[in-house]
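The next block is protein-v1.cif, given as mmCIF, C-alpha atoms; chains and numbers go by the auth columns.
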```
data_input
#
loop_
_atom_site.group_PDB
_atom_site.id
_atom_site.type_symbol
_atom_site.label_atom_id
_atom_site.label_comp_id
_atom_site.label_asym_id
_atom_site.label_seq_id
_atom_site.Cartn_x
_atom_site.Cartn_y
_atom_site.Cartn_z
_atom_site.B_iso_or_equiv
_atom_site.auth_seq_id
_atom_site.auth_asym_id
ATOM 1 C CA MET A 1 -5.922 45.195 98.948 0.00 1 N
ATOM 2 C CA HIS A 2 -8.840 43.650 97.036 0.00 2 N
ATOM 3 C CA SER A 3 -11.674 41.782 98.755 0.00 3 N
ATOM 4 C CA ARG A 4 -13.614 38.889 97.242 0.00 4 N
ATOM 5 C CA LEU A 5 -16.867 39.872 98.928 0.00 5 N
ATOM 6 C CA MET A 6 -19.783 40.768 96.658 0.00 6 N
ATOM 7 C CA LYS A 7 -19.865 44.525 96.246 0.00 7 N
ATOM 8 C CA ILE A 8 -23.062 46.364 96.923 0.00 8 N
ATOM 9 C CA ARG A 9 -24.926 47.108 93.723 0.00 9 N
ATOM 10 C CA SER A 10 -23.900 50.784 93.523 0.00 10 N
ATOM 11 C CA HIS A 11 -20.195 49.941 93.809 0.00 11 N
ATOM 12 C CA ARG A 12 -19.940 47.250 91.141 0.00 12 N
ATOM 13 C CA ASP A 13 -17.578 48.067 88.302 0.00 13 N
ATOM 14 C CA ASP A 14 -19.143 46.047 85.515 0.00 14 N
ATOM 15 C CA ALA A 15 -22.608 46.259 83.992 0.00 15 N
ATOM 16 C CA PRO A 16 -24.694 43.077 83.676 0.00 16 N
ATOM 17 C CA LEU A 17 -24.406 41.288 80.332 0.00 17 N
ATOM 18 C CA TRP A 18 -27.892 39.859 79.963 0.00 18 N
ATOM 19 C CA TRP A 19 -28.811 39.169 76.350 0.00 19 N
ATOM 20 C CA THR A 20 -25.644 40.755 74.939 0.00 20 N
ATOM 21 C CA HIS A 21 -24.757 37.552 73.092 0.00 21 N
ATOM 22 C CA GLU A 22 -25.901 33.951 72.799 0.00 22 N
ATOM 23 C CA ASP A 23 -22.547 32.190 72.348 0.00 23 N
ATOM 24 C CA ASN A 24 -22.621 28.510 73.356 0.00 24 N
ATOM 25 C CA ARG A 25 -26.325 28.798 74.121 0.00 25 N
ATOM 26 C CA GLN A 26 -27.779 25.949 76.152 0.00 26 N
ATOM 27 C CA ILE A 27 -31.327 25.455 77.398 0.00 27 N
ATOM 28 C CA SER A 28 -31.833 23.050 80.275 0.00 28 N
ATOM 29 C CA PHE A 29 -34.295 22.432 83.077 0.00 29 N
ATOM 30 C CA THR A 30 -33.831 22.256 86.827 0.00 30 N
ATOM 31 C CA SER A 31 -35.984 21.319 89.801 0.00 31 N
ATOM 32 C CA VAL A 32 -33.961 23.635 92.058 0.00 32 N
ATOM 33 C CA ARG A 33 -35.635 27.003 92.641 0.00 33 N
ATOM 34 C CA PRO A 34 -32.963 29.204 94.259 0.00 34 N
ATOM 35 C CA ARG A 35 -35.100 32.348 94.296 0.00 35 N
ATOM 36 C CA GLU A 36 -34.034 32.842 97.913 0.00 36 N
ATOM 37 C CA VAL A 37 -30.589 33.905 96.682 0.00 37 N
ATOM 38 C CA PHE A 38 -32.197 36.853 94.905 0.00 38 N
ATOM 39 C CA GLU A 39 -34.541 37.855 97.728 0.00 39 N
ATOM 40 C CA ASN A 40 -32.737 37.026 100.979 0.00 40 N
ATOM 41 C CA TYR A 41 -29.788 39.180 102.070 0.00 41 N
ATOM 42 C CA ASP A 42 -28.052 36.315 103.905 0.00 42 N
ATOM 43 C CA ALA A 43 -28.324 33.992 100.889 0.00 43 N
ATOM 44 C CA GLY A 44 -27.081 36.744 98.563 0.00 44 N
ATOM 45 C CA PHE A 45 -24.127 37.445 100.851 0.00 45 N
ATOM 46 C CA ALA A 46 -23.137 33.751 100.832 0.00 46 N
ATOM 47 C CA LEU A 47 -23.493 33.718 97.024 0.00 47 N
ATOM 48 C CA GLY A 48 -21.086 36.645 96.842 0.00 48 N
ATOM 49 C CA LEU A 49 -18.478 34.644 98.731 0.00 49 N
ATOM 50 C CA ALA A 50 -18.981 31.379 96.866 0.00 50 N
ATOM 51 C CA CYS A 51 -19.427 32.908 93.385 0.00 51 N
ATOM 52 C CA PRO A 52 -17.124 35.924 93.187 0.00 52 N
ATOM 53 C CA GLY A 53 -17.767 38.279 90.291 0.00 53 N
ATOM 54 C CA MET A 54 -21.360 37.226 89.656 0.00 54 N
ATOM 55 C CA ILE A 55 -24.047 39.874 89.403 0.00 55 N
ATOM 56 C CA ALA A 56 -27.628 38.795 90.156 0.00 56 N
ATOM 57 C CA GLY A 57 -30.827 40.527 89.112 0.00 57 N
ATOM 58 C CA THR A 58 -34.466 40.032 88.187 0.00 58 N
ATOM 59 C CA ALA A 59 -36.746 41.162 85.387 0.00 59 N
ATOM 60 C CA THR A 60 -40.471 40.667 84.790 0.00 60 N
ATOM 61 C CA ASP A 61 -41.855 40.063 81.314 0.00 61 N
ATOM 62 C CA PRO A 62 -44.546 42.757 80.922 0.00 62 N
ATOM 63 C CA ASP A 63 -46.673 40.550 78.655 0.00 63 N
ATOM 64 C CA THR A 64 -46.678 37.303 80.656 0.00 64 N
ATOM 65 C CA GLY A 65 -45.772 38.445 84.172 0.00 65 N
ATOM 66 C CA ILE A 66 -43.096 35.723 84.342 0.00 66 N
ATOM 67 C CA VAL A 67 -40.172 36.687 86.559 0.00 67 N
ATOM 68 C CA PHE A 68 -36.704 35.938 85.190 0.00 68 N
ATOM 69 C CA LEU A 69 -33.822 35.524 87.617 0.00 69 N
ATOM 70 C CA ARG A 70 -30.558 36.486 85.953 0.00 70 N
ATOM 71 C CA LEU A 71 -26.841 36.037 86.518 0.00 71 N
ATOM 72 C CA SER A 72 -23.885 37.502 84.705 0.00 72 N
ATOM 73 C CA HIS A 73 -20.131 37.442 85.084 0.00 73 N
ATOM 74 C CA ALA A 74 -18.667 40.443 83.294 0.00 74 N
ATOM 75 C CA ARG A 75 -15.006 39.439 83.320 0.00 75 N
ATOM 76 C CA SER A 76 -15.718 36.171 81.474 0.00 76 N
ATOM 77 C CA ARG A 77 -18.684 37.623 79.484 0.00 77 N
ATOM 78 C CA LEU A 78 -21.120 34.910 80.655 0.00 78 N
ATOM 79 C CA TRP A 79 -24.769 35.095 81.589 0.00 79 N
ATOM 80 C CA ALA A 80 -27.704 32.893 82.541 0.00 80 N
ATOM 81 C CA SER A 81 -31.451 33.391 82.871 0.00 81 N
ATOM 82 C CA PHE A 82 -33.937 31.325 84.895 0.00 82 N
ATOM 83 C CA ALA A 83 -37.692 31.463 84.174 0.00 83 N
ATOM 84 C CA ASP A 84 -39.418 31.368 87.563 0.00 84 N
ATOM 85 C CA ASP A 85 -42.436 29.640 86.057 0.00 85 N
ATOM 86 C CA PRO A 86 -42.390 25.820 86.210 0.00 86 N
ATOM 87 C CA GLU A 87 -43.028 23.686 83.156 0.00 87 N
ATOM 88 C CA ASP A 88 -43.537 19.918 83.024 0.00 88 N
ATOM 89 C CA GLN A 89 -39.754 19.376 82.916 0.00 89 N
ATOM 90 C CA GLY A 90 -39.013 21.874 85.718 0.00 90 N
ATOM 91 C CA TYR A 91 -37.747 25.441 85.535 0.00 91 N
ATOM 92 C CA GLU A 92 -36.163 26.521 82.241 0.00 92 N
ATOM 93 C CA VAL A 93 -32.585 27.786 82.372 0.00 93 N
ATOM 94 C CA LEU A 94 -30.874 29.527 79.448 0.00 94 N
ATOM 95 C CA GLN A 95 -27.085 29.822 79.714 0.00 95 N
ATOM 96 C CA CYS A 96 -24.589 31.390 77.361 0.00 96 N
ATOM 97 C CA GLY A 97 -20.835 30.999 77.401 0.00 97 N
ATOM 98 C CA PRO A 98 -18.424 28.143 78.076 0.00 98 N
ATOM 99 C CA ARG A 99 -19.076 28.078 81.862 0.00 99 N
ATOM 100 C CA ARG A 100 -22.483 27.258 83.250 0.00 100 N
ATOM 101 C CA LEU A 101 -23.207 29.997 85.799 0.00 101 N
ATOM 102 C CA TRP A 102 -26.528 28.519 86.863 0.00 102 N
ATOM 103 C CA GLU A 103 -24.911 25.229 87.955 0.00 103 N
ATOM 104 C CA GLU A 104 -22.384 27.261 89.958 0.00 104 N
ATOM 105 C CA LEU A 105 -25.224 29.179 91.609 0.00 105 N
ATOM 106 C CA GLU A 106 -27.080 25.942 92.387 0.00 106 N
ATOM 107 C CA ALA A 107 -23.930 24.460 93.963 0.00 107 N
ATOM 108 C CA ALA A 108 -23.418 27.588 96.085 0.00 108 N
ATOM 109 C CA TYR A 109 -27.091 27.580 97.087 0.00 109 N
ATOM 110 C CA GLN A 110 -26.952 23.903 98.114 0.00 110 N
ATOM 111 C CA TRP A 111 -23.779 24.613 100.131 0.00 111 N
ATOM 112 C CA TRP A 112 -25.547 27.480 101.952 0.00 112 N
ATOM 113 C CA ILE A 113 -28.585 25.283 102.712 0.00 113 N
ATOM 114 C CA LYS A 114 -26.386 22.405 104.000 0.00 114 N
ATOM 115 C CA ALA A 115 -24.516 24.902 106.192 0.00 115 N
ATOM 116 C CA GLY A 116 -27.843 25.684 107.900 0.00 116 N
ATOM 117 C CA ARG A 117 -28.691 28.889 105.996 0.00 117 N
ATOM 118 C CA PRO A 118 -26.205 30.948 108.021 0.00 118 N
ATOM 119 C CA ARG A 119 -26.864 34.640 108.563 0.00 119 N
ATOM 120 C CA PHE A 120 -24.296 37.114 107.185 0.00 120 N
ATOM 121 C CA HIS A 121 -22.950 37.968 110.657 0.00 121 N
ATOM 122 C CA ARG A 122 -21.612 34.395 111.016 0.00 122 N
ATOM 123 C CA PHE A 123 -19.072 35.048 108.251 0.00 123 N
ATOM 124 C CA GLY A 124 -15.709 36.650 108.852 0.00 124 N
ATOM 125 C CA MET A 125 -12.521 37.439 106.999 0.00 125 N
ATOM 126 C CA THR A 126 -8.861 37.079 107.761 0.00 126 N
ATOM 127 C CA VAL A 127 -6.565 39.460 105.900 0.00 127 N
ATOM 128 C CA THR A 128 -2.789 38.937 105.717 0.00 128 N
ATOM 129 C CA PRO A 129 -0.045 40.403 103.522 0.00 129 N
ATOM 130 C CA HIS A 130 -0.523 37.310 101.304 0.00 130 N
ATOM 131 C CA GLY A 131 -4.260 37.738 100.686 0.00 131 N
ATOM 132 C CA GLN A 132 -7.579 37.198 102.405 0.00 132 N
ATOM 133 C CA GLU A 133 -9.821 34.296 103.307 0.00 133 N
ATOM 134 C CA ALA A 134 -13.505 34.407 104.110 0.00 134 N
ATOM 135 C CA TRP A 135 -14.712 31.930 106.700 0.00 135 N
ATOM 136 C CA LEU A 136 -17.920 30.703 108.311 0.00 136 N
ATOM 137 C CA GLY A 137 -18.131 30.508 112.108 0.00 137 N
ATOM 138 C CA THR A 138 -14.411 30.270 112.819 0.00 138 N
ATOM 139 C CA PRO A 139 -11.272 31.114 110.827 0.00 139 N
ATOM 140 C CA GLY A 140 -10.627 27.407 110.216 0.00 140 N
ATOM 141 C CA HIS A 141 -13.801 26.953 108.147 0.00 141 N
ATOM 142 C CA ILE A 142 -12.755 28.651 104.917 0.00 142 N
ATOM 143 C CA VAL A 143 -15.399 29.561 102.330 0.00 143 N
ATOM 144 C CA SER A 144 -13.980 28.653 98.941 0.00 144 N
ATOM 145 C CA PRO A 145 -15.400 29.742 95.616 0.00 145 N
ATOM 146 C CA VAL A 146 -17.607 27.085 94.022 0.00 146 N
ATOM 147 C CA GLN A 147 -15.478 24.592 92.156 0.00 147 N
ATOM 148 C CA ARG A 148 -16.572 24.145 88.587 0.00 148 N
ATOM 149 C CA PRO A 149 -15.702 21.165 86.404 0.00 149 N
ATOM 150 C CA ALA A 150 -12.578 21.606 84.277 0.00 150 N
ATOM 151 C CA ALA A 151 -14.729 21.488 81.133 0.00 151 N
ATOM 152 C CA TRP A 152 -16.287 24.818 82.164 0.00 152 N
ATOM 153 C CA ASN A 153 -13.013 26.725 82.559 0.00 153 N
#
```

Rewrite the coordinates I just gave you, this time as structure tokens.
Amino acid sequence: MHSRLMKIRSHRDDAPLWWTHEDNRQISFTSVRPREVFENYDAGFALGLACPGMIAGTATDPDTGIVFLRLSHARSRLWASFADDPEDQGYEVLQCGPRRLWEELEAAYQWWIKAGRPRFHRFGMTVTPHGQEAWLGTPGHIVSPVQRPAAWN
């Protein structure tokens, strides 16, 4: 049986894809600073439920000291990078691939905040012969993967 929960780093099958290609490159800006997802275990756990298959990481530019928050999705060969250094327009986001991983992360982060920033122990899972469902609080409150617009599929 396969679980949708985010695997711990040492058990992940696929290597991150950062900077392996720049297909469908898009630069945008955001006012949302979801650094908490990268630093807080509870936020990262919720991200793993809402954004299955994503790998998150950070890197620091040795010349500027700017921290880059990164996402990749190996199966679909997508990646995104967020410069944690605000500019006049907001924080710069570089995304490559037909889906926009950063928007998915932002949606998952907003969901986690609206849910009251739940701790990981408030989540559970129901497993049946037909599959599994992660839930928050009680089995009736299913955690679904972030829905992305059809244009991103």

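Remark: for Ala83 of chain N, the closest of the candidate residues N:Tyr109, N:Phe45, N:Phe123, N:Phe29 is N:Phe29 (distances computed over only C-alpha atoms).
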
Worksheet item: How would you write, as number ranges by chain, the residues chosen by the PyMOL selection byres ((chain N and resi 85) around 10) on this structure?
Response: N: 33, 65-68, 82-84, 86-87, 90-92

Writer output for current selection, C-alpha atoms, as a tab-separated table (two decimals), in the coordinates of the input:
```tsv
chain	number	residue	atom	x	y	z
N	33	ARG	CA	-35.64	27.00	92.64
N	65	GLY	CA	-45.77	38.44	84.17
N	66	ILE	CA	-43.10	35.72	84.34
N	67	VAL	CA	-40.17	36.69	86.56
N	68	PHE	CA	-36.70	35.94	85.19
N	82	PHE	CA	-33.94	31.32	84.90
N	83	ALA	CA	-37.69	31.46	84.17
N	84	ASP	CA	-39.42	31.37	87.56
N	86	PRO	CA	-42.39	25.82	86.21
N	87	GLU	CA	-43.03	23.69	83.16
N	90	GLY	CA	-39.01	21.87	85.72
N	91	TYR	CA	-37.75	25.44	85.54
N	92	GLU	CA	-36.16	26.52	82.24
```

Spatial neighbours of Trp102 of chain N, 7 Å, all atoms listed in the file, chain gap at least 3 places, as a PDB file with C-alpha atoms, in the coordinates of the input:
```
ATOM      1  CA  ALA N  80     -27.704  32.893  82.541  1.00  0.00           C
ATOM      2  CA  LEU N 105     -25.224  29.179  91.609  1.00  0.00           C
ATOM      3  CA  GLU N 106     -27.080  25.942  92.387  1.00  0.00           C
TER       4      GLU N 106
END
```

Discussion item. For the provided coordinates, the residues matched by the PyMOL selection byres ((chain N and resi 117) around 12) should be stated as a list in words.
Written reply: Glu36, Val37, Asn40, Tyr41, Asp42, Ala43, Gly44, Phe45, Ala46, Leu47, Ala108, Tyr109, Gln110, Trp111, Trp112, Ile113, Lys114, Ala115, Gly116, Pro118, Arg119, Phe120, His121, Arg122, Phe123 and Leu136 of chain N

Item to complete: State, in Å with one decimal place, the distance from atom CA of Leu69 of chain N to atom CA of Gln95 of chain N.
Response: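 Rounded to one decimal, the two atoms are 11.8 Å apart.
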
Practice prompt. To one decimal in Å, tell me the separation between atom CA of Cys51 of chain N and atom CA of Arg99 of chain N.
Written response: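 Atom-to-atom, atom CA of Cys51 of chain N and atom CA of Arg99 of chain N are spaced 12.5 Å apart.
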
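When the distance limit is 7 Å and only C-alpha atoms are what count, the residues near His73 of chain N, minus those fewer than 6 positions from it on the same chain, are N:Gly53, N:Met54, N:Ile55, N:Trp79.
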
Discussion item. Under the rule that all atoms listed in the file are counted, which of N:Thr138, N:Thr58, N:Thr64, N:Gln132 is the nearest residue to Phe38 of chain N?
Written reply: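 Of all the options, N:Thr58 lies closest to Phe38 of chain N.
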
Please define a box with edges along x, y and z of the file around all atoms of segment 121-139 of chain N given in the file, extend it by 5 Å on each side, and return its centre and edge lengths in Å to one decimal, as AutoDock Vina command-line options.
```
--center_x -11.5 --center_y 35.3 --center_z 106.8 --size_x 32.9 --size_y 20.1 --size_z 22.1
```

Can segment 104-122 of chain N be brought up to N, CA, C and O atoms and written out as a compact mmCIF listing (two decimals), keeping the file's coordinate frame?
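Produced file out_24.txt, reproduced below:
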```txt
# COMPACT_ATOMS: atom_id res chain seq x y z
N GLU N 104 -23.22 26.72 88.88
CA GLU N 104 -22.38 27.26 89.96
C GLU N 104 -23.26 27.87 91.05
O GLU N 104 -23.02 27.67 92.24
N LEU N 105 -24.30 28.61 90.64
CA LEU N 105 -25.22 29.18 91.61
C LEU N 105 -25.93 28.08 92.39
O LEU N 105 -26.05 28.16 93.62
N GLU N 106 -26.40 27.04 91.70
CA GLU N 106 -27.08 25.94 92.39
C GLU N 106 -26.15 25.28 93.40
O GLU N 106 -26.58 24.97 94.52
N ALA N 107 -24.89 25.07 93.04
CA ALA N 107 -23.93 24.46 93.96
C ALA N 107 -23.72 25.35 95.19
O ALA N 107 -23.68 24.87 96.32
N ALA N 108 -23.60 26.66 94.97
CA ALA N 108 -23.42 27.59 96.08
C ALA N 108 -24.67 27.61 96.96
O ALA N 108 -24.58 27.64 98.19
N TYR N 109 -25.84 27.58 96.34
CA TYR N 109 -27.09 27.58 97.09
C TYR N 109 -27.22 26.31 97.94
O TYR N 109 -27.58 26.38 99.12
N GLN N 110 -26.90 25.16 97.36
CA GLN N 110 -26.95 23.90 98.11
C GLN N 110 -25.96 23.92 99.28
O GLN N 110 -26.27 23.44 100.37
N TRP N 111 -24.76 24.49 99.05
CA TRP N 111 -23.78 24.61 100.13
C TRP N 111 -24.35 25.45 101.27
O TRP N 111 -24.24 25.10 102.44
N TRP N 112 -24.98 26.59 100.94
CA TRP N 112 -25.55 27.48 101.95
C TRP N 112 -26.66 26.78 102.74
O TRP N 112 -26.73 26.88 103.97
N ILE N 113 -27.51 26.02 102.04
CA ILE N 113 -28.58 25.28 102.71
C ILE N 113 -27.99 24.24 103.66
O ILE N 113 -28.38 24.13 104.82
N LYS N 114 -27.01 23.45 103.16
CA LYS N 114 -26.39 22.40 104.00
C LYS N 114 -25.66 23.00 105.20
O LYS N 114 -25.53 22.34 106.23
N ALA N 115 -25.20 24.23 105.08
CA ALA N 115 -24.52 24.90 106.19
C ALA N 115 -25.52 25.45 107.21
O ALA N 115 -25.13 26.07 108.20
N GLY N 116 -26.83 25.24 106.96
CA GLY N 116 -27.84 25.68 107.90
C GLY N 116 -28.39 27.07 107.63
O GLY N 116 -28.91 27.72 108.53
N ARG N 117 -28.24 27.55 106.39
CA ARG N 117 -28.69 28.89 106.00
C ARG N 117 -28.12 29.97 106.93
O ARG N 117 -28.86 30.74 107.53
N PRO N 118 -26.80 30.01 107.06
CA PRO N 118 -26.20 30.95 108.02
C PRO N 118 -26.48 32.40 107.68
O PRO N 118 -26.50 32.78 106.52
N ARG N 119 -26.67 33.20 108.71
CA ARG N 119 -26.86 34.64 108.56
C ARG N 119 -25.52 35.28 108.24
O ARG N 119 -24.46 34.74 108.56
N PHE N 120 -25.53 36.45 107.63
CA PHE N 120 -24.30 37.11 107.18
C PHE N 120 -23.34 37.39 108.33
O PHE N 120 -22.12 37.36 108.16
N HIS N 121 -23.84 37.64 109.54
CA HIS N 121 -22.95 37.97 110.66
C HIS N 121 -22.13 36.78 111.15
O HIS N 121 -21.20 36.95 111.92
N ARG N 122 -22.41 35.57 110.65
CA ARG N 122 -21.61 34.40 111.02
C ARG N 122 -20.35 34.26 110.16
O ARG N 122 -19.50 33.44 110.44
```
